[in-house]
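Student: structure00.pdb (PDB, C-alpha atoms) pasted underneath:
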```pdb
ATOM      1  CA  MET A   1     114.717  32.715  -0.895  1.00  0.00           C
ATOM      2  CA  ILE A   2     115.053  36.373   0.151  1.00  0.00           C
ATOM      3  CA  TYR A   3     118.755  35.802   0.699  1.00  0.00           C
ATOM      4  CA  GLN A   4     119.165  34.550  -2.898  1.00  0.00           C
ATOM      5  CA  ASN A   5     117.428  37.676  -4.246  1.00  0.00           C
ATOM      6  CA  LEU A   6     119.716  39.877  -2.143  1.00  0.00           C
ATOM      7  CA  LYS A   7     122.736  38.254  -3.803  1.00  0.00           C
ATOM      8  CA  LYS A   8     121.440  39.368  -7.210  1.00  0.00           C
ATOM      9  CA  LEU A   9     120.740  42.941  -6.067  1.00  0.00           C
ATOM     10  CA  PRO A  10     124.316  44.286  -6.598  1.00  0.00           C
ATOM     11  CA  ILE A  11     124.438  42.774 -10.085  1.00  0.00           C
ATOM     12  CA  ILE A  12     121.080  44.298 -10.999  1.00  0.00           C
ATOM     13  CA  PHE A  13     122.172  47.632  -9.548  1.00  0.00           C
ATOM     14  CA  LEU A  14     125.454  47.624 -11.522  1.00  0.00           C
ATOM     15  CA  PHE A  15     123.639  46.685 -14.729  1.00  0.00           C
ATOM     16  CA  GLY A  16     121.128  49.510 -14.229  1.00  0.00           C
ATOM     17  CA  LEU A  17     123.931  51.973 -13.499  1.00  0.00           C
ATOM     18  CA  LEU A  18     125.775  50.856 -16.632  1.00  0.00           C
ATOM     19  CA  VAL A  19     122.656  51.361 -18.775  1.00  0.00           C
ATOM     20  CA  PHE A  20     122.010  54.762 -17.217  1.00  0.00           C
ATOM     21  CA  VAL A  21     125.579  55.986 -17.756  1.00  0.00           C
ATOM     22  CA  SER A  22     125.821  54.700 -21.329  1.00  0.00           C
ATOM     23  CA  CYS A  23     122.498  56.256 -22.334  1.00  0.00           C
ATOM     24  CA  SER A  24     123.064  59.639 -20.730  1.00  0.00           C
ATOM     25  CA  LYS A  25     123.730  62.600 -22.993  1.00  0.00           C
ATOM     26  CA  LYS A  26     127.411  63.337 -23.405  1.00  0.00           C
ATOM     27  CA  THR A  27     128.516  66.924 -23.076  1.00  0.00           C
ATOM     28  CA  ILE A  28     130.121  68.276 -26.224  1.00  0.00           C
ATOM     29  CA  PRO A  29     131.399  71.816 -26.445  1.00  0.00           C
ATOM     30  CA  THR A  30     129.581  73.838 -29.065  1.00  0.00           C
ATOM     31  CA  ILE A  31     130.502  77.002 -30.885  1.00  0.00           C
ATOM     32  CA  THR A  32     127.699  79.453 -30.256  1.00  0.00           C
ATOM     33  CA  GLU A  33     129.111  82.376 -32.204  1.00  0.00           C
ATOM     34  CA  ARG A  34     131.757  82.739 -34.838  1.00  0.00           C
ATOM     35  CA  SER A  35     132.903  86.118 -36.081  1.00  0.00           C
ATOM     36  CA  SER A  36     134.156  84.671 -39.374  1.00  0.00           C
ATOM     37  CA  ASP A  37     134.622  81.327 -41.057  1.00  0.00           C
ATOM     38  CA  PRO A  38     138.029  79.743 -40.667  1.00  0.00           C
ATOM     39  CA  PRO A  39     140.189  80.129 -43.753  1.00  0.00           C
ATOM     40  CA  PRO A  40     140.415  77.120 -46.054  1.00  0.00           C
ATOM     41  CA  PRO A  41     143.689  75.224 -46.008  1.00  0.00           C
ATOM     42  CA  VAL A  42     146.244  76.763 -48.320  1.00  0.00           C
ATOM     43  CA  SER A  43     148.121  74.465 -50.653  1.00  0.00           C
ATOM     44  CA  PRO A  44     151.450  75.510 -52.040  1.00  0.00           C
ATOM     45  CA  VAL A  45     151.307  76.698 -55.634  1.00  0.00           C
ATOM     46  CA  ILE A  46     152.695  74.081 -57.950  1.00  0.00           C
ATOM     47  CA  ASN A  47     152.874  73.740 -61.701  1.00  0.00           C
ATOM     48  CA  VAL A  48     150.699  70.826 -62.766  1.00  0.00           C
ATOM     49  CA  LYS A  49     149.580  70.086 -66.274  1.00  0.00           C
ATOM     50  CA  PRO A  50     145.808  69.448 -66.137  1.00  0.00           C
ATOM     51  CA  ASP A  51     144.806  65.895 -67.010  1.00  0.00           C
ATOM     52  CA  LEU A  52     141.132  65.515 -67.967  1.00  0.00           C
ATOM     53  CA  ASP A  53     141.119  61.732 -67.525  1.00  0.00           C
ATOM     54  CA  ALA A  54     142.584  62.016 -64.033  1.00  0.00           C
ATOM     55  CA  GLY A  55     140.087  64.774 -63.257  1.00  0.00           C
ATOM     56  CA  LYS A  56     137.179  62.592 -64.331  1.00  0.00           C
ATOM     57  CA  THR A  57     138.417  59.717 -62.162  1.00  0.00           C
ATOM     58  CA  ILE A  58     138.979  61.921 -59.112  1.00  0.00           C
ATOM     59  CA  PHE A  59     135.582  63.580 -59.614  1.00  0.00           C
ATOM     60  CA  ALA A  60     133.846  60.212 -59.824  1.00  0.00           C
ATOM     61  CA  ASN A  61     135.654  58.697 -56.829  1.00  0.00           C
ATOM     62  CA  GLN A  62     135.784  61.611 -54.410  1.00  0.00           C
ATOM     63  CA  CYS A  63     132.539  63.454 -55.086  1.00  0.00           C
ATOM     64  CA  SER A  64     130.327  60.359 -55.198  1.00  0.00           C
ATOM     65  CA  ARG A  65     131.234  59.571 -51.587  1.00  0.00           C
ATOM     66  CA  CYS A  66     128.782  62.184 -50.318  1.00  0.00           C
ATOM     67  CA  HIS A  67     126.239  62.765 -53.083  1.00  0.00           C
ATOM     68  CA  GLY A  68     125.171  61.864 -56.586  1.00  0.00           C
ATOM     69  CA  LEU A  69     127.329  63.162 -59.385  1.00  0.00           C
ATOM     70  CA  PRO A  70     125.881  65.955 -61.494  1.00  0.00           C
ATOM     71  CA  GLU A  71     126.756  66.002 -65.159  1.00  0.00           C
ATOM     72  CA  PRO A  72     129.444  68.617 -65.832  1.00  0.00           C
ATOM     73  CA  ASN A  73     127.285  70.189 -68.552  1.00  0.00           C
ATOM     74  CA  LYS A  74     124.499  70.821 -66.037  1.00  0.00           C
ATOM     75  CA  TYR A  75     126.011  74.209 -65.105  1.00  0.00           C
ATOM     76  CA  ASN A  76     128.032  76.861 -66.888  1.00  0.00           C
ATOM     77  CA  THR A  77     131.649  77.616 -66.010  1.00  0.00           C
ATOM     78  CA  GLN A  78     130.781  80.544 -63.758  1.00  0.00           C
ATOM     79  CA  ARG A  79     128.403  78.412 -61.675  1.00  0.00           C
ATOM     80  CA  TRP A  80     130.915  75.559 -61.514  1.00  0.00           C
ATOM     81  CA  GLU A  81     133.614  77.942 -60.259  1.00  0.00           C
ATOM     82  CA  SER A  82     131.436  78.883 -57.282  1.00  0.00           C
ATOM     83  CA  ILE A  83     130.498  75.251 -56.616  1.00  0.00           C
ATOM     84  CA  LEU A  84     134.085  74.030 -56.812  1.00  0.00           C
ATOM     85  CA  LYS A  85     135.274  76.809 -54.515  1.00  0.00           C
ATOM     86  CA  ILE A  86     133.082  75.302 -51.792  1.00  0.00           C
ATOM     87  CA  MET A  87     133.286  71.611 -52.617  1.00  0.00           C
ATOM     88  CA  ILE A  88     137.025  71.131 -53.193  1.00  0.00           C
ATOM     89  CA  PRO A  89     137.940  71.893 -49.560  1.00  0.00           C
ATOM     90  CA  ARG A  90     135.048  69.719 -48.349  1.00  0.00           C
ATOM     91  CA  ALA A  91     136.299  66.822 -50.463  1.00  0.00           C
ATOM     92  CA  ARG A  92     139.787  67.431 -49.059  1.00  0.00           C
ATOM     93  CA  LEU A  93     141.400  67.396 -52.461  1.00  0.00           C
ATOM     94  CA  ASP A  94     145.052  68.310 -52.613  1.00  0.00           C
ATOM     95  CA  ARG A  95     146.341  70.937 -55.038  1.00  0.00           C
ATOM     96  CA  VAL A  96     147.151  68.436 -57.793  1.00  0.00           C
ATOM     97  CA  GLN A  97     143.719  66.793 -57.574  1.00  0.00           C
ATOM     98  CA  GLU A  98     142.111  70.233 -57.579  1.00  0.00           C
ATOM     99  CA  VAL A  99     143.829  71.164 -60.847  1.00  0.00           C
ATOM    100  CA  HIS A 100     142.692  67.953 -62.543  1.00  0.00           C
ATOM    101  CA  VAL A 101     139.087  68.133 -61.318  1.00  0.00           C
ATOM    102  CA  LYS A 102     138.717  71.803 -62.257  1.00  0.00           C
ATOM    103  CA  ALA A 103     140.123  71.130 -65.704  1.00  0.00           C
ATOM    104  CA  TYR A 104     137.727  68.231 -66.282  1.00  0.00           C
ATOM    105  CA  ILE A 105     134.643  70.060 -64.997  1.00  0.00           C
ATOM    106  CA  LEU A 106     135.313  73.359 -66.771  1.00  0.00           C
ATOM    107  CA  ALA A 107     136.214  71.644 -70.047  1.00  0.00           C
ATOM    108  CA  ASN A 108     132.849  69.840 -70.013  1.00  0.00           C
ATOM    109  CA  ALA A 109     130.700  72.632 -68.541  1.00  0.00           C
ATOM    110  CA  ALA A 110     127.761  74.122 -70.415  1.00  0.00           C
ATOM    111  CA  LYS A 111     128.790  76.898 -72.753  1.00  0.00           C
TER     112      LYS A 111
END
```
Take the structure in this file and express it as structure tokens.

Tutor:
Amino acid sequence: MIYQNLKKLPIIFLFGLLVFVSCSKKTIPTITERSSDPPPPVSPVINVKPDLDAGKTIFANQCSRCHGLPEPNKYNTQRWESILKIMIPRARLDRVQEVHVKAYILANAAK
């Protein structure tokens, strides 16, 4: 009987080691200090005619991935400019999408 338990000991040991290793905290490098924020990606300047319908669609699809959609008339154009400056890079919109979304939001912003 003791011999049968000894046969199971390596399996139990390996299982315990596997649990211990998988549950241990992984080391991830962290940035403790940053002298300045990295610059946002720069898109080449292109001539795009703003399309309000495309802007509404992009706004609805991209922005709703992370949060609820505010009504464009909730803020004035000045406030929307500051919001869009932050949110467009976070949403990873390209330059064409940016033009459409800005046009839609600013056309429907509170006056």

Student: Could you tell me which of A:Thr27, A:Pro50, A:Tyr75, A:Cys63 comes closest to A:Leu93 if we count all atoms listed in the file?

Tutor: A:Cys63

Student: Any chance you could resolve the PyMOL selection byres ((chain A and resi 108-110) around 8) against this file and give the residues as a list in words?

Tutor: Pro72, Asn73, Lys74, Tyr75, Asn76, Thr77, Trp80, Tyr104, Ile105, Leu106, Ala107 and Lys111 of chain A

Student: Could you work out an axis-aligned bounding box for all listed atoms of stretch 83-95 of chain A, with 5 Å added on each of the six sides, and give its centre and edge lengths in Å to one decimal, as lines of an AutoDock Vina configuration file?

Tutor:
```
center_x = 138.4
center_y = 71.8
center_z = -52.6
size_x = 25.8
size_y = 20.0
size_z = 18.5
```

Student: Atom CA of A:Thr32 and atom CA of A:Leu84, how far apart in Å?

Tutor: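 One can read the atom CA of A:Leu84 to atom CA of A:Thr32 distance as 27.8 Å.
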
Student: If the PyMOL selection byres ((chain A and resi 87) around 12) is run on the structure shown, which residues does it catch, given as JSON, numbers by chain?

Tutor: {"A": [40, 59, 62, 63, 64, 66, 67, 80, 81, 82, 83, 84, 85, 86, 88, 89, 90, 91, 92, 93, 98, 101, 102]}

Student: What is the distance between atom CA of A:His100 and atom CA of A:Thr57, in Å to one decimal?

Tutor: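 Result for atom CA of A:His100 versus atom CA of A:Thr57: 9.3 Å, one decimal.
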
Student: Just the number, please: distance in Å from atom CA of A:Glu71 to atom CA of A:Val48, one decimal.

Tutor: 24.5 Å

Student: Need the shell around A:Ala60: protein/DNA/RNA residues with any atom at most 10 Å away, counting only C-alpha atoms. Skip same-chain ones fewer than 4 positions apart. Format as a PDB file with C-alpha atoms, keeping the file's coordinate frame?

Tutor:
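Final file, out27.pdb:
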```
ATOM      1  CA  ALA A  54     142.584  62.016 -64.033  1.00  0.00           C
ATOM      2  CA  GLY A  55     140.087  64.774 -63.257  1.00  0.00           C
ATOM      3  CA  LYS A  56     137.179  62.592 -64.331  1.00  0.00           C
ATOM      4  CA  SER A  64     130.327  60.359 -55.198  1.00  0.00           C
ATOM      5  CA  ARG A  65     131.234  59.571 -51.587  1.00  0.00           C
ATOM      6  CA  GLY A  68     125.171  61.864 -56.586  1.00  0.00           C
ATOM      7  CA  LEU A  69     127.329  63.162 -59.385  1.00  0.00           C
ATOM      8  CA  PRO A  70     125.881  65.955 -61.494  1.00  0.00           C
ATOM      9  CA  VAL A 101     139.087  68.133 -61.318  1.00  0.00           C
TER      10      VAL A 101
END
```
